[in-house]
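*Asks:* Supplied structure: work_12.pdb, PDB, C-alpha atoms.
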ATOM      1  CA  MET A  30      -7.841  34.646  34.282
ATOM      2  CA  ASN A  31     -11.337  35.644  33.147
ATOM      3  CA  VAL A  32     -14.183  33.190  32.507
ATOM      4  CA  GLY A  33     -13.941  33.468  28.679
ATOM      5  CA  VAL A  34     -10.263  32.477  28.643
ATOM      6  CA  LYS A  35     -10.873  29.544  31.017
ATOM      7  CA  GLN A  36     -13.704  28.300  28.821
ATOM      8  CA  ALA A  37     -11.531  28.632  25.702
ATOM      9  CA  CYS A  38      -8.747  26.633  27.393
ATOM     10  CA  ARG A  39     -11.212  23.870  28.298
ATOM     11  CA  LEU A  40     -12.471  23.747  24.684
ATOM     12  CA  VAL A  41      -8.935  23.527  23.294
ATOM     13  CA  THR A  42      -8.065  20.753  25.752
ATOM     14  CA  ALA A  43     -11.230  18.825  24.833
ATOM     15  CA  TYR A  44     -10.505  19.294  21.116
ATOM     16  CA  ARG A  45      -6.944  17.980  21.528
ATOM     17  CA  GLY A  46      -8.253  14.963  23.442
ATOM     18  CA  ASN A  47     -10.772  14.155  20.698
ATOM     19  CA  LEU A  48      -8.122  14.609  18.002
ATOM     20  CA  LEU A  49      -5.734  12.233  19.789
ATOM     21  CA  SER A  50      -8.541   9.708  20.197
ATOM     22  CA  LEU A  51      -9.364   9.885  16.479
ATOM     23  CA  THR A  52      -5.689   9.512  15.541
ATOM     24  CA  ALA A  53      -5.305   6.439  17.758
ATOM     25  CA  ARG A  54      -8.501   4.952  16.314
ATOM     26  CA  SER A  55      -7.232   5.540  12.742
ATOM     27  CA  ALA A  56      -3.922   3.846  13.556
ATOM     28  CA  ARG A  57      -5.782   0.832  14.967
ATOM     29  CA  THR A  58      -7.986   0.672  11.862
ATOM     30  CA  MET A  59      -4.962   0.746   9.537
ATOM     31  CA  SER A  60      -3.140  -1.964  11.469
ATOM     32  CA  THR A  61      -6.301  -4.088  11.453
ATOM     33  CA  GLN A  62      -6.576  -3.692   7.686
ATOM     34  CA  GLU A  63      -2.966  -4.738   7.254
ATOM     35  CA  LYS A  64      -3.437  -7.866   9.382
ATOM     36  CA  GLN A  65      -6.590  -9.068   7.612
ATOM     37  CA  PRO A  66      -6.113  -9.104   3.849
ATOM     38  CA  GLY A  67      -9.249  -8.648   1.807
ATOM     39  CA  PRO A  68     -10.294 -10.756  -1.170
ATOM     40  CA  VAL A  69      -8.557  -8.555  -3.782
ATOM     41  CA  GLU A  70      -5.279  -8.511  -1.847
ATOM     42  CA  SER A  71      -5.486 -12.285  -1.368
ATOM     43  CA  THR A  72      -6.109 -12.824  -5.085
ATOM     44  CA  ILE A  73      -3.161 -10.607  -6.022
ATOM     45  CA  ARG A  74      -0.896 -12.496  -3.626
ATOM     46  CA  GLU A  75      -2.069 -15.873  -4.919
ATOM     47  CA  LYS A  76      -1.666 -14.993  -8.605
ATOM     48  CA  LEU A  77       1.791 -13.458  -8.196
ATOM     49  CA  SER A  78       2.950 -16.397  -6.055
ATOM     50  CA  GLN A  79       1.761 -18.976  -8.567
ATOM     51  CA  HIS A  80       3.122 -17.220 -11.641
ATOM     52  CA  PHE A  81       6.478 -15.875 -10.425
ATOM     53  CA  GLN A  82       7.329 -18.281  -7.579
ATOM     54  CA  PRO A  83       8.992 -15.336  -5.824
ATOM     55  CA  SER A  84      11.709 -15.592  -3.218
ATOM     56  CA  HIS A  85      10.105 -12.501  -1.658
ATOM     57  CA  LEU A  86       6.615 -11.067  -2.115
ATOM     58  CA  ASP A  87       4.906  -8.102  -0.472
ATOM     59  CA  VAL A  88       1.388  -7.070  -1.361
ATOM     60  CA  ILE A  89       0.627  -3.791   0.386
ATOM     61  CA  ASN A  90      -2.864  -2.327   0.373
ATOM     62  CA  GLU A  91      -2.289   1.435   0.277
ATOM     63  CA  SER A  92      -5.943   2.328  -0.226
ATOM     64  CA  TYR A  93      -6.161   3.876   3.251
ATOM     65  CA  MET A  94      -3.759   6.592   2.005
ATOM     66  CA  HIS A  95      -6.288   7.761  -0.590
ATOM     67  CA  SER A  96      -9.743   9.316  -0.750
ATOM     68  CA  VAL A  97     -11.660   6.049  -0.756
ATOM     69  CA  PRO A  98     -14.065   4.475   1.763
ATOM     70  CA  PRO A  99     -12.518   2.574   4.700
ATOM     71  CA  GLY A 100     -11.754  -1.056   3.867
ATOM     72  CA  SER A 101     -11.291  -0.354   0.143
ATOM     73  CA  GLU A 102      -8.950  -2.428  -2.003
ATOM     74  CA  THR A 103      -8.159  -0.056  -4.840
ATOM     75  CA  HIS A 104      -4.512   1.029  -4.437
ATOM     76  CA  PHE A 105      -1.695  -1.506  -4.056
ATOM     77  CA  LYS A 106       2.067  -1.717  -4.001
ATOM     78  CA  VAL A 107       3.636  -5.064  -4.879
ATOM     79  CA  VAL A 108       7.225  -6.104  -4.339
ATOM     80  CA  VAL A 109       8.036  -9.203  -6.375
ATOM     81  CA  VAL A 110      11.494 -10.770  -6.221
ATOM     82  CA  SER A 111      11.909 -13.546  -8.769
ATOM     83  CA  ASP A 112      14.514 -15.222 -10.968
ATOM     84  CA  MET A 113      12.015 -14.759 -13.821
ATOM     85  CA  PHE A 114      13.049 -11.086 -13.991
ATOM     86  CA  ASP A 115      16.681 -11.926 -14.731
ATOM     87  CA  LYS A 116      17.828 -10.217 -17.954
ATOM     88  CA  GLU A 117      14.458  -8.459 -18.364
ATOM     89  CA  ALA A 118      14.174  -4.671 -18.633
ATOM     90  CA  ILE A 119      12.120  -2.890 -15.960
ATOM     91  CA  ILE A 120       9.332  -2.098 -18.436
ATOM     92  CA  LYS A 121       9.119  -5.782 -19.410
ATOM     93  CA  ARG A 122       8.958  -6.790 -15.724
ATOM     94  CA  HIS A 123       6.102  -4.369 -15.145
ATOM     95  CA  ARG A 124       4.278  -5.688 -18.190
ATOM     96  CA  MET A 125       4.708  -9.226 -16.868
ATOM     97  CA  VAL A 126       3.157  -8.267 -13.504
ATOM     98  CA  ASN A 127       0.392  -6.251 -15.183
ATOM     99  CA  GLY A 128      -0.372  -9.220 -17.429
ATOM    100  CA  VAL A 129      -0.805 -11.569 -14.472
ATOM    101  CA  LEU A 130      -3.070  -9.030 -12.735
ATOM    102  CA  GLN A 131      -4.988  -7.918 -15.848
ATOM    103  CA  GLU A 132      -8.382  -8.924 -14.441
ATOM    104  CA  GLU A 133      -7.829  -6.994 -11.198
ATOM    105  CA  LEU A 134      -6.556  -3.933 -13.089
ATOM    106  CA  GLU A 135      -9.665  -3.947 -15.269
ATOM    107  CA  GLY A 136     -11.848  -4.192 -12.184
ATOM    108  CA  PRO A 137     -11.343  -3.212  -8.578
ATOM    109  CA  VAL A 138      -7.692  -2.078  -8.681
ATOM    110  CA  HIS A 139      -7.315   1.594  -9.562
ATOM    111  CA  ALA A 140      -3.554   1.955  -8.946
ATOM    112  CA  LEU A 141      -0.663  -0.493  -8.791
ATOM    113  CA  SER A 142       2.886   0.386  -7.821
ATOM    114  CA  ILE A 143       5.366  -2.331  -8.858
ATOM    115  CA  MET A 144       8.833  -3.175  -7.597
ATOM    116  CA  ALA A 145      10.038  -6.152  -9.649
ATOM    117  CA  LYS A 146      13.571  -7.261  -8.804
ATOM    118  CA  THR A 147      15.881 -10.204  -9.200
ATOM    119  CA  PRO A 148      17.097 -11.854  -5.993
ATOM    120  CA  LYS A 149      20.525 -10.229  -6.502
ATOM    121  CA  GLN A 150      18.984  -6.757  -6.912
ATOM    122  CA  TRP A 151      16.859  -7.324  -3.815
ATOM    123  CA  GLU A 152      19.893  -8.388  -1.813
ATOM    124  CA  ASP A 153      21.942  -5.430  -3.086
ATOM    125  CA  SER A 154      19.144  -3.026  -2.077
ATOM    126  CA  GLY A 155      19.159  -4.379   1.459
ATOM    127  CA  GLY A 156      15.558  -5.488   1.057
ATOM    128  CA  LYS A 157      14.274  -1.940   1.354
ATOM    129  CA  VAL A 158      10.923  -0.801   0.019
ATOM    130  CA  SER A 159      10.553   2.906  -0.671
ATOM    131  CA  LYS A 160       7.734   4.771   1.024
ATOM    132  CA  SER A 161       4.886   5.776  -1.245
ATOM    133  CA  PRO A 162       4.153   9.487  -1.665
ATOM    134  CA  ALA A 163       1.109  11.022  -0.033
ATOM    135  CA  CYS A 164      -2.104  11.081  -2.019
ATOM    136  CA  ARG A 165      -2.588  14.320  -3.917
ATOM    137  CA  GLY A 166      -6.333  13.899  -4.006
ATOM    138  CA  GLY A 167      -6.542  12.962  -7.659
ATOM    139  CA  MET A 168      -6.702  16.614  -8.591
ATOM    140  CA  GLY A 169      -3.190  16.904 -10.035
ATOM    141  CA  LEU A 170      -2.330  19.433  -7.356
TER     142      LEU A 170
END
Let's see the structure in the file written out as structure tokens.

*Replies:*
Amino acid sequence: MNVGVKQACRLVTAYRGNLLSLTARSARTMSTQEKQPGPVESTIREKLSQHFQPSHLDVINESYMHSVPPGSETHFKVVVVSDMFDKEAIIKRHRMVNGVLQEELEGPVHALSIMAKTPKQWEDSGGKVSKSPACRGGMGL
């Protein structure tokens, strides 16, 4: 093996090591963000809990999946399971959630994905939450 090939192999190995290190660091950052809710996430959770008295509530900060600074609270998914949704159309349920979170939607929250179910619907679904699609960069690509 000549010197140029050996040097190239060392560079590739170093690059892979750095890439793995960055990936592990990103995973730690995301799990840290999930464990320590920020003020916007806490407010969303509090408002939805008080208004809907849900049997199940998830407030998921999905900002890390988008082109925003680390630690942002701009993109959320909420899963609200409440008897208050009984006999209400999906659009009405979404309007109810949007109404409770109007202040946040006019301010720091850029995107809100809503799953609003009755306890029976939640049970029938097996308590599964669909995975959000990858960010398309806001360019409509």

*Asks:* Suppose you want the space between CA of Lys160 (chain A) and CA of Gln79 (chain A); what is it in Å?

*Replies:*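 A separation of 26.3 Å between them.
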
*Asks:* So which residues touch Leu86 (chain A) within 7 Å, counting all atoms listed in the file, skipping near sequence neighbours fewer than 6 positions away, as a PDB file with C-alpha atoms, in the coordinates of the input?

*Replies:*
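Dumped everything to out-v4.pdb:
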ATOM      1  CA  VAL A 108       7.225  -6.104  -4.339  1.00  0.00           C
ATOM      2  CA  VAL A 109       8.036  -9.203  -6.375  1.00  0.00           C
ATOM      3  CA  VAL A 110      11.494 -10.770  -6.221  1.00  0.00           C
TER       4      VAL A 110
END

*Asks:* Could you state the separation of CA of Tyr93 (chain A) and CA of Ser78 (chain A) in Å, given to one decimal place?

*Replies:*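 Between CA of Tyr93 (chain A) and CA of Ser78 (chain A) the gap is 24.1 Å.
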
*Asks:* Just how far from CA of Lys76 (chain A) is CA of Val129 (chain A), in Å to one decimal?

*Replies:*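 Going from CA of Val129 (chain A) over to CA of Lys76 (chain A) covers 6.8 Å.
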
*Asks:* Since I can't run it myself right now, could you work out what the PyMOL selection byres ((chain A and resi 100-105) around 6) selects here and report it as a list in words?

*Replies:*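 Selected by the PyMOL selection byres ((chain A and resi 100-105) around 6) in this file: Ile89, Asn90, Glu91, Ser92, Pro98, Pro99, Lys106, Pro137, Val138, His139, Ala140 and Leu141 of chain A.
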
*Asks:* Between A:Val97, A:Val107, A:Leu134, A:Ala145, which has the minimum distance to Ile120 (chain A) (counting all atoms listed in the file)?

*Replies:*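 Ranking A:Val97, A:Val107, A:Leu134, A:Ala145 by distance to Ile120 (chain A), first place goes to A:Ala145.
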
*Asks:* Would you compute an axis-aligned box for region 138-142 of chain A, covering every atom listed for it in the file with 4 Å of margin on each side, and report centre and edge lengths in Å to one decimal as lines of an AutoDock Vina configuration file?

*Replies:*
center_x = -2.4
center_y = -0.1
center_z = -8.7
size_x = 18.6
size_y = 12.0
size_z = 9.7

*Asks:* Taking all atoms listed in the file into account, which of A:Ile143, A:Met113, A:Val158, A:Cys164 comes nearest Leu130 (chain A)?

*Replies:*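 Smallest separation from Leu130 (chain A) among the options: A:Ile143.
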
*Asks:* Which is closest to Val69 (chain A) among A:Lys116, A:Arg124, A:Gly136, A:Gln82, if we use all atoms listed in the file?

*Replies:*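 Distance minimum relative to Val69 (chain A) lands on A:Gly136.
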
*Asks:* Choose the residue, out of A:Ala163, A:Ile119, A:Met144, A:Met125, that has the smallest atom-to-atom separation from Val88 (chain A); count only C-alpha atoms.

*Replies:*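 That would be A:Met144, the residue with the smallest distance to Val88 (chain A).
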